[in-house]
Amino acid sequence: MTIRAVVRGVGHYLPARVVPNAEFAARIDTSDEWIKSRSGIERRHFAAEGELTSDLATHAARAALADAGIDAGALDAIIVATSTPDLTFPSVATMVQAKLGMTRGFAFDVQAVCAGFVYALTTANALIAAGQAARILVIGAETFSRLMDWDDRSTSVLFGDGAGALVLEGQPGAGTSADRGVLATDLNSDGRFQDLLYVDGGTSTGTTGHLRMQGKEVFRHAIEKLAETAHRSLEKAGLSADDVDWIVPHQANLRIITGTAQKMGVPMNRVVVTVQDHGNTSAASIPLALSVGRARGQIKPGDLIVTEAIGGGLAWGSVVLRW
């Protein structure tokens, strides 16, 4: 018997404020057409003043718990993927733990920027497979609007705020690719590429800093590395791209999403796309897209899903799971 980390519930949360491309066009040298043609983004959500990453994460967590039909007391752990914590410490995960009224188990954050949710999901899967936890709430939550240089049109128009969450539960499987749950994972990083995507603040500067990105270089790395990691995960699971029902990618840029799907040989009608409505929500984008895809009726029980993401570090990876 094999213990699989199975998705028991899913949920998401988006701040109330919707920011269309036109709002940027009124302030900086850009246009709705320029933004859409380069990214596919039409609008994004920004957190309200005083609305914190832990607040977004808690809303998504409650939605996922309700979908799973359990309360926080049934959880063994919470893992939050974020690069925009409320404070340097304690972790957002412990703040969510308190807001949910969970007084047992453990909670911690994972920081791998846009690849954060893939890293968190892989970590949760390992904990469940090792018998360290039976139910884990995995959350991606970000308030990237607070890291933007509003004079930089190449980055400020790309990002948004939001949160998504999954409840994972250990369930017995046969140990085959027909099992429900996480079937394979693949993680990678290469610190030589730090300068391609980073925030120029932290303890070294005493400031929060702003996001900096060499967009063309990130784009070049993204398509190659995302397709490679997806193929590796599928190979580990004993599957191929022909078996995939849905790619649920990191929602960074429509051209990257399209290019990766083409390189994998998967048609776009089997790709969940939400970037037009959310922008790049970093670690929140995959769980957001999973929740929205399920709500749309795209993702159904038994579907084979590949998620993949790349972010600052560079860090990238993928997960193959059966819904």
# chains A, B, ... in the order shown; residues from 1 in each chain; ligands from 1
$ select_by_dssp --residues "range 42-290 of chain A" --states "strand (DSSP E)" --output "PyMOL selection string"
chain A and resi 43-46+77-81+106-110+135-143+161-173+181-189+197-199+211-213+246-249
$ residues_around --residues "range 102-111 of chain A" --least-positions-apart "4" --cutoff "10 Å" --atoms "only C-alpha atoms" --output "PyMOL selection string"
chain A and resi 71-85+89-98+115-121+123+133+136-140+283+312
$ residues_around --residues "Gly209 in chain A" --least-positions-apart "2" --cutoff "9 Å" --atoms "only C-alpha atoms" --output "ChimeraX atom specification"
/A:147-149,199-202,205-207,211
$ residues_around --residues "range 230-240 of chain A" --least-positions-apart "2" --cutoff "8 Å" --atoms "only C-alpha atoms" --output "PyMOL selection string"
chain A and resi 177+183-186+226-228+242-244+264+306-308+317-320
$ write_last_selection --atoms "N, CA and C atoms" --output "mmCIF file, in the first residue's frame"
data_model
loop_
_atom_site.group_PDB
_atom_site.id
_atom_site.type_symbol
_atom_site.label_atom_id
_atom_site.label_comp_id
_atom_site.auth_asym_id
_atom_site.auth_seq_id
_atom_site.Cartn_x
_atom_site.Cartn_y
_atom_site.Cartn_z
ATOM 1 N N SER A 177 0.057 4.828 -11.323
ATOM 2 C CA SER A 177 -0.278 6.152 -11.852
ATOM 3 C C SER A 177 -1.779 6.393 -11.906
ATOM 4 N N LEU A 183 1.435 12.277 -7.554
ATOM 5 C CA LEU A 183 2.088 11.107 -8.133
ATOM 6 C C LEU A 183 3.585 11.291 -8.299
ATOM 7 N N ALA A 184 4.033 12.527 -8.540
ATOM 8 C CA ALA A 184 5.466 12.776 -8.728
ATOM 9 C C ALA A 184 5.736 14.269 -8.598
ATOM 10 N N THR A 185 6.966 14.602 -8.205
ATOM 11 C CA THR A 185 7.382 15.993 -8.081
ATOM 12 C C THR A 185 8.799 16.150 -8.601
ATOM 13 N N ASP A 186 9.152 17.406 -8.937
ATOM 14 C CA ASP A 186 10.505 17.694 -9.412
ATOM 15 C C ASP A 186 10.836 19.132 -9.023
ATOM 16 N N LEU A 226 10.537 25.094 -17.677
ATOM 17 C CA LEU A 226 9.214 24.617 -17.281
ATOM 18 C C LEU A 226 8.833 23.354 -18.039
ATOM 19 N N ALA A 227 9.091 23.328 -19.327
ATOM 20 C CA ALA A 227 8.789 22.119 -20.099
ATOM 21 C C ALA A 227 9.632 20.948 -19.624
ATOM 22 N N GLU A 228 10.916 21.182 -19.338
ATOM 23 C CA GLU A 228 11.800 20.111 -18.883
ATOM 24 C C GLU A 228 11.343 19.531 -17.543
ATOM 25 N N ASP A 242 0.657 12.975 -23.291
ATOM 26 C CA ASP A 242 -0.617 12.516 -23.850
ATOM 27 C C ASP A 242 -1.624 12.139 -22.766
ATOM 28 N N ASP A 243 -1.121 11.841 -21.565
ATOM 29 C CA ASP A 243 -2.005 11.441 -20.463
ATOM 30 C C ASP A 243 -2.584 12.639 -19.711
ATOM 31 N N VAL A 244 -2.061 13.827 -19.975
ATOM 32 C CA VAL A 244 -2.421 15.011 -19.191
ATOM 33 C C VAL A 244 -3.797 15.538 -19.583
ATOM 34 N N MET A 264 5.628 21.254 -24.696
ATOM 35 C CA MET A 264 5.208 19.973 -24.128
ATOM 36 C C MET A 264 4.324 19.172 -25.082
ATOM 37 N N VAL A 306 -0.864 18.635 -14.340
ATOM 38 C CA VAL A 306 0.529 19.016 -14.179
ATOM 39 C C VAL A 306 0.573 20.485 -13.801
ATOM 40 N N THR A 307 1.236 20.793 -12.702
ATOM 41 C CA THR A 307 1.490 22.189 -12.337
ATOM 42 C C THR A 307 2.990 22.427 -12.456
ATOM 43 N N GLU A 308 3.354 23.635 -12.948
ATOM 44 C CA GLU A 308 4.769 23.977 -13.049
ATOM 45 C C GLU A 308 4.940 25.471 -12.855
ATOM 46 N N GLY A 317 10.064 24.157 -10.671
ATOM 47 C CA GLY A 317 9.666 22.782 -10.378
ATOM 48 C C GLY A 317 8.282 22.473 -10.883
ATOM 49 N N SER A 318 7.857 21.238 -10.640
ATOM 50 C CA SER A 318 6.563 20.770 -11.127
ATOM 51 C C SER A 318 6.025 19.673 -10.225
ATOM 52 N N VAL A 319 4.717 19.490 -10.321
ATOM 53 C CA VAL A 319 4.011 18.424 -9.596
ATOM 54 C C VAL A 319 3.005 17.780 -10.536
ATOM 55 N N VAL A 320 2.950 16.462 -10.521
ATOM 56 C CA VAL A 320 1.913 15.716 -11.236
ATOM 57 C C VAL A 320 0.974 15.138 -10.195
#
$ residues_around --residues "Arg180 in chain A" --least-positions-apart "3" --cutoff "9 Å" --atoms "only C-alpha atoms" --output "number ranges by chain"
A: 4-7, 171, 173, 177, 183, 301-304, 321-323
$ closest_residue --among "A:Ile256, A:Ile305, A:Ile35, A:Ala141" --to "Arg220 in chain A" --atoms "only C-alpha atoms"
A:Ile256
$ closest_residue --among "A:Ala165, A:Ala25, A:Ala174, A:Leu158" --to "Leu254 in chain A" --atoms "only C-alpha atoms"
A:Leu158
$ closest_residue --among "A:Ala47, A:Val167, A:Ile247, A:Leu288" --to "Met268 in chain A" --atoms "only C-alpha atoms"
A:Ile247
$ closest_residue --among "A:Ala112, A:Arg44, A:Thr88, A:Leu168" --to "Ala124 in chain A" --atoms "only C-alpha atoms"
A:Leu168
$ select_by_dssp --residues "range 179-234 of chain A" --states "helix (DSSP H, G or I)" --output "list in words"
Gly191, Arg192, Phe193, Gln194, Asp195, Leu196, Gly215, Lys216, Glu217, Val218, Phe219, Arg220, His221, Ala222, Ile223, Glu224, Lys225, Leu226, Ala227, Glu228, Thr229, Ala230, His231, Arg232, Ser233 and Leu234 of chain A
$ residues_around --residues "Lys263 in chain A" --least-positions-apart "2" --cutoff "8 Å" --atoms "only C-alpha atoms" --output "PDB file with C-alpha atoms, in the first residue's frame"
ATOM      1  CA  ILE A 223       9.854  28.044 -21.354  1.00  0.00           C
ATOM      2  CA  GLU A 224      12.803  25.648 -21.520  1.00  0.00           C
ATOM      3  CA  ALA A 227       8.789  22.119 -20.099  1.00  0.00           C
ATOM      4  CA  GLY A 259       5.191  28.540 -25.270  1.00  0.00           C
ATOM      5  CA  THR A 260       5.508  25.939 -22.520  1.00  0.00           C
ATOM      6  CA  ALA A 261       2.348  24.125 -23.637  1.00  0.00           C
ATOM      7  CA  GLY A 265       2.938  19.148 -27.055  1.00  0.00           C
ATOM      8  CA  VAL A 266      -0.244  19.940 -25.106  1.00  0.00           C
TER       9      VAL A 266
END
$ residues_around --residues "range 192-195 of chain A" --least-positions-apart "2" --cutoff "12 Å" --atoms "only C-alpha atoms" --output "PyMOL selection string"
chain A and resi 113+189-190+197-200+211-215+217-218+221+310-316
$ write_last_selection --atoms "N, CA and C atoms" --output "PDB file, in the first residue's frame"
ATOM      1  N   VAL A 113       9.584  32.179  -4.086  1.00  0.00           N
ATOM      2  CA  VAL A 113       8.994  33.179  -4.969  1.00  0.00           C
ATOM      3  C   VAL A 113       7.871  32.523  -5.786  1.00  0.00           C
ATOM      4  N   SER A 189      16.832  24.479  -8.653  1.00  0.00           N
ATOM      5  CA  SER A 189      17.211  25.880  -8.479  1.00  0.00           C
ATOM      6  C   SER A 189      18.627  26.073  -8.997  1.00  0.00           C
ATOM      7  N   ASP A 190      18.937  27.338  -9.325  1.00  0.00           N
ATOM      8  CA  ASP A 190      20.277  27.691  -9.785  1.00  0.00           C
ATOM      9  C   ASP A 190      20.535  29.142  -9.390  1.00  0.00           C
ATOM     10  N   LEU A 197      15.918  38.133 -11.416  1.00  0.00           N
ATOM     11  CA  LEU A 197      14.634  38.424 -10.773  1.00  0.00           C
ATOM     12  C   LEU A 197      14.845  38.459  -9.264  1.00  0.00           C
ATOM     13  N   TYR A 198      14.705  39.647  -8.671  1.00  0.00           N
ATOM     14  CA  TYR A 198      14.986  39.793  -7.241  1.00  0.00           C
ATOM     15  C   TYR A 198      14.305  41.056  -6.711  1.00  0.00           C
ATOM     16  N   VAL A 199      14.327  41.200  -5.398  1.00  0.00           N
ATOM     17  CA  VAL A 199      13.874  42.424  -4.739  1.00  0.00           C
ATOM     18  C   VAL A 199      15.090  43.070  -4.097  1.00  0.00           C
ATOM     19  N   ASP A 200      15.280  44.355  -4.374  1.00  0.00           N
ATOM     20  CA  ASP A 200      16.495  45.047  -3.924  1.00  0.00           C
ATOM     21  C   ASP A 200      16.364  45.594  -2.503  1.00  0.00           C
ATOM     22  N   LEU A 211      10.732  45.129  -6.624  1.00  0.00           N
ATOM     23  CA  LEU A 211      11.014  44.021  -7.516  1.00  0.00           C
ATOM     24  C   LEU A 211      11.787  44.514  -8.735  1.00  0.00           C
ATOM     25  N   ARG A 212      12.818  43.763  -9.110  1.00  0.00           N
ATOM     26  CA  ARG A 212      13.618  44.057 -10.303  1.00  0.00           C
ATOM     27  C   ARG A 212      13.677  42.809 -11.168  1.00  0.00           C
ATOM     28  N   MET A 213      13.526  42.978 -12.474  1.00  0.00           N
ATOM     29  CA  MET A 213      13.480  41.808 -13.346  1.00  0.00           C
ATOM     30  C   MET A 213      14.084  42.115 -14.709  1.00  0.00           C
ATOM     31  N   GLN A 214      14.873  41.171 -15.206  1.00  0.00           N
ATOM     32  CA  GLN A 214      15.330  41.196 -16.587  1.00  0.00           C
ATOM     33  C   GLN A 214      14.384  40.301 -17.388  1.00  0.00           C
ATOM     34  N   GLY A 215      13.316  40.916 -17.875  1.00  0.00           N
ATOM     35  CA  GLY A 215      12.211  40.169 -18.445  1.00  0.00           C
ATOM     36  C   GLY A 215      12.571  39.241 -19.588  1.00  0.00           C
ATOM     37  N   GLU A 217      15.399  37.785 -20.277  1.00  0.00           N
ATOM     38  CA  GLU A 217      16.185  36.640 -19.815  1.00  0.00           C
ATOM     39  C   GLU A 217      15.321  35.646 -19.042  1.00  0.00           C
ATOM     40  N   VAL A 218      14.417  36.169 -18.202  1.00  0.00           N
ATOM     41  CA  VAL A 218      13.515  35.285 -17.465  1.00  0.00           C
ATOM     42  C   VAL A 218      12.649  34.501 -18.447  1.00  0.00           C
ATOM     43  N   HIS A 221      14.612  31.607 -20.061  1.00  0.00           N
ATOM     44  CA  HIS A 221      14.797  30.466 -19.159  1.00  0.00           C
ATOM     45  C   HIS A 221      13.478  29.738 -18.894  1.00  0.00           C
ATOM     46  N   ILE A 310       8.183  28.814 -12.248  1.00  0.00           N
ATOM     47  CA  ILE A 310       9.558  29.276 -12.117  1.00  0.00           C
ATOM     48  C   ILE A 310       9.539  30.661 -11.502  1.00  0.00           C
ATOM     49  N   GLY A 311      10.509  30.937 -10.638  1.00  0.00           N
ATOM     50  CA  GLY A 311      10.572  32.237  -9.986  1.00  0.00           C
ATOM     51  C   GLY A 311      11.996  32.598  -9.616  1.00  0.00           C
ATOM     52  N   GLY A 312      12.118  33.687  -8.869  1.00  0.00           N
ATOM     53  CA  GLY A 312      13.427  34.178  -8.478  1.00  0.00           C
ATOM     54  C   GLY A 312      14.248  33.103  -7.803  1.00  0.00           C
ATOM     55  N   GLY A 313      15.523  33.174  -8.035  1.00  0.00           N
ATOM     56  CA  GLY A 313      16.463  32.188  -7.485  1.00  0.00           C
ATOM     57  C   GLY A 313      17.618  31.912  -8.421  1.00  0.00           C
ATOM     58  N   LEU A 314      17.360  31.464  -9.631  1.00  0.00           N
ATOM     59  CA  LEU A 314      16.085  30.976 -10.122  1.00  0.00           C
ATOM     60  C   LEU A 314      15.727  29.662  -9.425  1.00  0.00           C
ATOM     61  N   ALA A 315      14.419  29.499  -9.176  1.00  0.00           N
ATOM     62  CA  ALA A 315      13.880  28.268  -8.611  1.00  0.00           C
ATOM     63  C   ALA A 315      12.713  27.826  -9.476  1.00  0.00           C
ATOM     64  N   TRP A 316      12.635  26.544  -9.757  1.00  0.00           N
ATOM     65  CA  TRP A 316      11.530  26.056 -10.598  1.00  0.00           C
ATOM     66  C   TRP A 316      11.225  24.609 -10.250  1.00  0.00           C
TER      67      TRP A 316
END
$ decode --residues "range 133-267 of chain A" --atoms "C-alpha atoms" --output "PDB file, in the first residue's frame"
ATOM      1  CA  ALA A 133       1.066  14.409   9.099  1.00  0.00           C
ATOM      2  CA  ALA A 134      -2.302  13.147   7.900  1.00  0.00           C
ATOM      3  CA  ARG A 135      -3.901  16.442   6.795  1.00  0.00           C
ATOM      4  CA  ILE A 136      -2.034  19.542   5.664  1.00  0.00           C
ATOM      5  CA  LEU A 137      -3.388  22.893   4.530  1.00  0.00           C
ATOM      6  CA  VAL A 138      -1.139  24.248   1.756  1.00  0.00           C
ATOM      7  CA  ILE A 139      -1.577  27.924   0.895  1.00  0.00           C
ATOM      8  CA  GLY A 140      -0.052  30.313  -1.619  1.00  0.00           C
ATOM      9  CA  ALA A 141      -0.643  33.954  -0.688  1.00  0.00           C
ATOM     10  CA  GLU A 142       0.908  37.210  -1.886  1.00  0.00           C
ATOM     11  CA  THR A 143       0.578  40.993  -1.728  1.00  0.00           C
ATOM     12  CA  PHE A 144       3.058  41.764  -4.498  1.00  0.00           C
ATOM     13  CA  SER A 145       1.494  45.181  -5.066  1.00  0.00           C
ATOM     14  CA  ARG A 146       3.570  46.315  -2.074  1.00  0.00           C
ATOM     15  CA  LEU A 147       6.859  45.457  -3.804  1.00  0.00           C
ATOM     16  CA  MET A 148       6.278  47.412  -7.011  1.00  0.00           C
ATOM     17  CA  ASP A 149       8.250  50.348  -8.370  1.00  0.00           C
ATOM     18  CA  TRP A 150       5.319  52.245  -9.868  1.00  0.00           C
ATOM     19  CA  ASP A 151       7.607  54.115 -12.280  1.00  0.00           C
ATOM     20  CA  ASP A 152       8.810  50.852 -13.863  1.00  0.00           C
ATOM     21  CA  ARG A 153       6.299  49.989 -16.574  1.00  0.00           C
ATOM     22  CA  SER A 154       8.030  46.698 -17.351  1.00  0.00           C
ATOM     23  CA  THR A 155       7.193  45.185 -13.936  1.00  0.00           C
ATOM     24  CA  SER A 156       4.507  47.244 -12.180  1.00  0.00           C
ATOM     25  CA  VAL A 157       1.787  46.192 -14.643  1.00  0.00           C
ATOM     26  CA  LEU A 158       2.426  42.467 -14.260  1.00  0.00           C
ATOM     27  CA  PHE A 159       1.660  41.599 -10.656  1.00  0.00           C
ATOM     28  CA  GLY A 160      -1.417  41.247  -8.471  1.00  0.00           C
ATOM     29  CA  ASP A 161      -2.517  40.045  -5.046  1.00  0.00           C
ATOM     30  CA  GLY A 162      -4.460  36.960  -4.031  1.00  0.00           C
ATOM     31  CA  ALA A 163      -4.429  33.604  -2.289  1.00  0.00           C
ATOM     32  CA  GLY A 164      -5.317  29.987  -2.984  1.00  0.00           C
ATOM     33  CA  ALA A 165      -5.343  26.913  -0.772  1.00  0.00           C
ATOM     34  CA  LEU A 166      -5.546  23.122  -0.900  1.00  0.00           C
ATOM     35  CA  VAL A 167      -6.365  20.661   1.857  1.00  0.00           C
ATOM     36  CA  LEU A 168      -4.233  17.533   1.371  1.00  0.00           C
ATOM     37  CA  GLU A 169      -5.099  14.276   3.111  1.00  0.00           C
ATOM     38  CA  GLY A 170      -3.156  11.034   3.245  1.00  0.00           C
ATOM     39  CA  GLN A 171      -5.135   8.226   1.639  1.00  0.00           C
ATOM     40  CA  PRO A 172      -4.114   4.700   0.625  1.00  0.00           C
ATOM     41  CA  GLY A 173      -3.306   4.047  -3.015  1.00  0.00           C
ATOM     42  CA  ALA A 174      -2.175   1.100  -5.085  1.00  0.00           C
ATOM     43  CA  GLY A 175       1.139   2.727  -5.922  1.00  0.00           C
ATOM     44  CA  THR A 176       0.261   3.142  -9.605  1.00  0.00           C
ATOM     45  CA  SER A 177      -0.278   6.152 -11.852  1.00  0.00           C
ATOM     46  CA  ALA A 178      -4.023   5.529 -11.581  1.00  0.00           C
ATOM     47  CA  ASP A 179      -3.973   6.596  -7.904  1.00  0.00           C
ATOM     48  CA  ARG A 180      -5.543   9.870  -6.838  1.00  0.00           C
ATOM     49  CA  GLY A 181      -3.224  12.434  -5.246  1.00  0.00           C
ATOM     50  CA  VAL A 182       0.336  13.570  -5.826  1.00  0.00           C
ATOM     51  CA  LEU A 183       2.088  11.107  -8.133  1.00  0.00           C
ATOM     52  CA  ALA A 184       5.466  12.776  -8.728  1.00  0.00           C
ATOM     53  CA  THR A 185       7.382  15.993  -8.081  1.00  0.00           C
ATOM     54  CA  ASP A 186      10.505  17.694  -9.412  1.00  0.00           C
ATOM     55  CA  LEU A 187      12.336  20.648  -7.816  1.00  0.00           C
ATOM     56  CA  ASN A 188      15.273  22.674  -9.134  1.00  0.00           C
ATOM     57  CA  SER A 189      17.211  25.880  -8.479  1.00  0.00           C
ATOM     58  CA  ASP A 190      20.277  27.691  -9.785  1.00  0.00           C
ATOM     59  CA  GLY A 191      21.526  30.623  -7.722  1.00  0.00           C
ATOM     60  CA  ARG A 192      23.781  31.868 -10.505  1.00  0.00           C
ATOM     61  CA  PHE A 193      20.727  33.581 -11.989  1.00  0.00           C
ATOM     62  CA  GLN A 194      19.861  35.656  -8.905  1.00  0.00           C
ATOM     63  CA  ASP A 195      20.155  38.965 -10.756  1.00  0.00           C
ATOM     64  CA  LEU A 196      17.467  38.067 -13.289  1.00  0.00           C
ATOM     65  CA  LEU A 197      14.634  38.424 -10.773  1.00  0.00           C
ATOM     66  CA  TYR A 198      14.986  39.793  -7.241  1.00  0.00           C
ATOM     67  CA  VAL A 199      13.874  42.424  -4.739  1.00  0.00           C
ATOM     68  CA  ASP A 200      16.495  45.047  -3.924  1.00  0.00           C
ATOM     69  CA  GLY A 201      15.669  45.193  -0.209  1.00  0.00           C
ATOM     70  CA  GLY A 202      16.013  43.177   2.992  1.00  0.00           C
ATOM     71  CA  THR A 203      18.290  43.054   5.993  1.00  0.00           C
ATOM     72  CA  SER A 204      21.245  44.062   3.811  1.00  0.00           C
ATOM     73  CA  THR A 205      19.615  47.402   2.999  1.00  0.00           C
ATOM     74  CA  GLY A 206      17.188  47.994   5.854  1.00  0.00           C
ATOM     75  CA  THR A 207      14.384  48.584   3.336  1.00  0.00           C
ATOM     76  CA  THR A 208      11.527  46.555   1.878  1.00  0.00           C
ATOM     77  CA  GLY A 209      12.829  47.256  -1.617  1.00  0.00           C
ATOM     78  CA  HIS A 210      11.265  46.876  -5.060  1.00  0.00           C
ATOM     79  CA  LEU A 211      11.014  44.021  -7.516  1.00  0.00           C
ATOM     80  CA  ARG A 212      13.618  44.057 -10.303  1.00  0.00           C
ATOM     81  CA  MET A 213      13.480  41.808 -13.346  1.00  0.00           C
ATOM     82  CA  GLN A 214      15.330  41.196 -16.587  1.00  0.00           C
ATOM     83  CA  GLY A 215      12.211  40.169 -18.445  1.00  0.00           C
ATOM     84  CA  LYS A 216      13.738  38.869 -21.666  1.00  0.00           C
ATOM     85  CA  GLU A 217      16.185  36.640 -19.815  1.00  0.00           C
ATOM     86  CA  VAL A 218      13.515  35.285 -17.465  1.00  0.00           C
ATOM     87  CA  PHE A 219      11.303  34.537 -20.482  1.00  0.00           C
ATOM     88  CA  ARG A 220      14.144  32.670 -22.186  1.00  0.00           C
ATOM     89  CA  HIS A 221      14.797  30.466 -19.159  1.00  0.00           C
ATOM     90  CA  ALA A 222      11.125  29.947 -18.330  1.00  0.00           C
ATOM     91  CA  ILE A 223       9.854  28.044 -21.354  1.00  0.00           C
ATOM     92  CA  GLU A 224      12.803  25.648 -21.520  1.00  0.00           C
ATOM     93  CA  LYS A 225      12.977  24.954 -17.788  1.00  0.00           C
ATOM     94  CA  LEU A 226       9.214  24.617 -17.281  1.00  0.00           C
ATOM     95  CA  ALA A 227       8.789  22.119 -20.099  1.00  0.00           C
ATOM     96  CA  GLU A 228      11.800  20.111 -18.883  1.00  0.00           C
ATOM     97  CA  THR A 229      10.612  19.888 -15.278  1.00  0.00           C
ATOM     98  CA  ALA A 230       7.089  18.922 -16.351  1.00  0.00           C
ATOM     99  CA  HIS A 231       8.437  16.114 -18.514  1.00  0.00           C
ATOM    100  CA  ARG A 232      10.641  14.882 -15.646  1.00  0.00           C
ATOM    101  CA  SER A 233       7.691  14.719 -13.249  1.00  0.00           C
ATOM    102  CA  LEU A 234       5.588  12.888 -15.809  1.00  0.00           C
ATOM    103  CA  GLU A 235       8.421  10.426 -16.456  1.00  0.00           C
ATOM    104  CA  LYS A 236       8.778   9.794 -12.703  1.00  0.00           C
ATOM    105  CA  ALA A 237       5.049   9.025 -12.584  1.00  0.00           C
ATOM    106  CA  GLY A 238       5.304   6.676 -15.573  1.00  0.00           C
ATOM    107  CA  LEU A 239       3.172   8.986 -17.695  1.00  0.00           C
ATOM    108  CA  SER A 240       3.513  11.224 -20.754  1.00  0.00           C
ATOM    109  CA  ALA A 241       2.073  14.503 -22.018  1.00  0.00           C
ATOM    110  CA  ASP A 242      -0.617  12.516 -23.850  1.00  0.00           C
ATOM    111  CA  ASP A 243      -2.005  11.441 -20.463  1.00  0.00           C
ATOM    112  CA  VAL A 244      -2.421  15.011 -19.191  1.00  0.00           C
ATOM    113  CA  ASP A 245      -5.957  16.359 -18.833  1.00  0.00           C
ATOM    114  CA  TRP A 246      -4.909  19.812 -17.627  1.00  0.00           C
ATOM    115  CA  ILE A 247      -1.768  21.857 -17.298  1.00  0.00           C
ATOM    116  CA  VAL A 248      -2.297  24.348 -14.467  1.00  0.00           C
ATOM    117  CA  PRO A 249       0.768  26.567 -14.819  1.00  0.00           C
ATOM    118  CA  HIS A 250       2.121  29.485 -12.868  1.00  0.00           C
ATOM    119  CA  GLN A 251       0.198  32.423 -14.288  1.00  0.00           C
ATOM    120  CA  ALA A 252       3.035  34.832 -15.080  1.00  0.00           C
ATOM    121  CA  ASN A 253       2.662  35.646 -18.744  1.00  0.00           C
ATOM    122  CA  LEU A 254       0.389  34.268 -21.452  1.00  0.00           C
ATOM    123  CA  ARG A 255       3.295  33.969 -23.899  1.00  0.00           C
ATOM    124  CA  ILE A 256       5.218  31.801 -21.415  1.00  0.00           C
ATOM    125  CA  ILE A 257       2.131  29.670 -20.766  1.00  0.00           C
ATOM    126  CA  THR A 258       1.533  29.203 -24.496  1.00  0.00           C
ATOM    127  CA  GLY A 259       5.191  28.540 -25.270  1.00  0.00           C
ATOM    128  CA  THR A 260       5.508  25.939 -22.520  1.00  0.00           C
ATOM    129  CA  ALA A 261       2.348  24.125 -23.637  1.00  0.00           C
ATOM    130  CA  GLN A 262       3.629  24.041 -27.216  1.00  0.00           C
ATOM    131  CA  LYS A 263       7.002  22.697 -26.109  1.00  0.00           C
ATOM    132  CA  MET A 264       5.208  19.973 -24.128  1.00  0.00           C
ATOM    133  CA  GLY A 265       2.938  19.148 -27.055  1.00  0.00           C
ATOM    134  CA  VAL A 266      -0.244  19.940 -25.106  1.00  0.00           C
ATOM    135  CA  PRO A 267      -2.963  22.033 -26.830  1.00  0.00           C
TER     136      PRO A 267
END
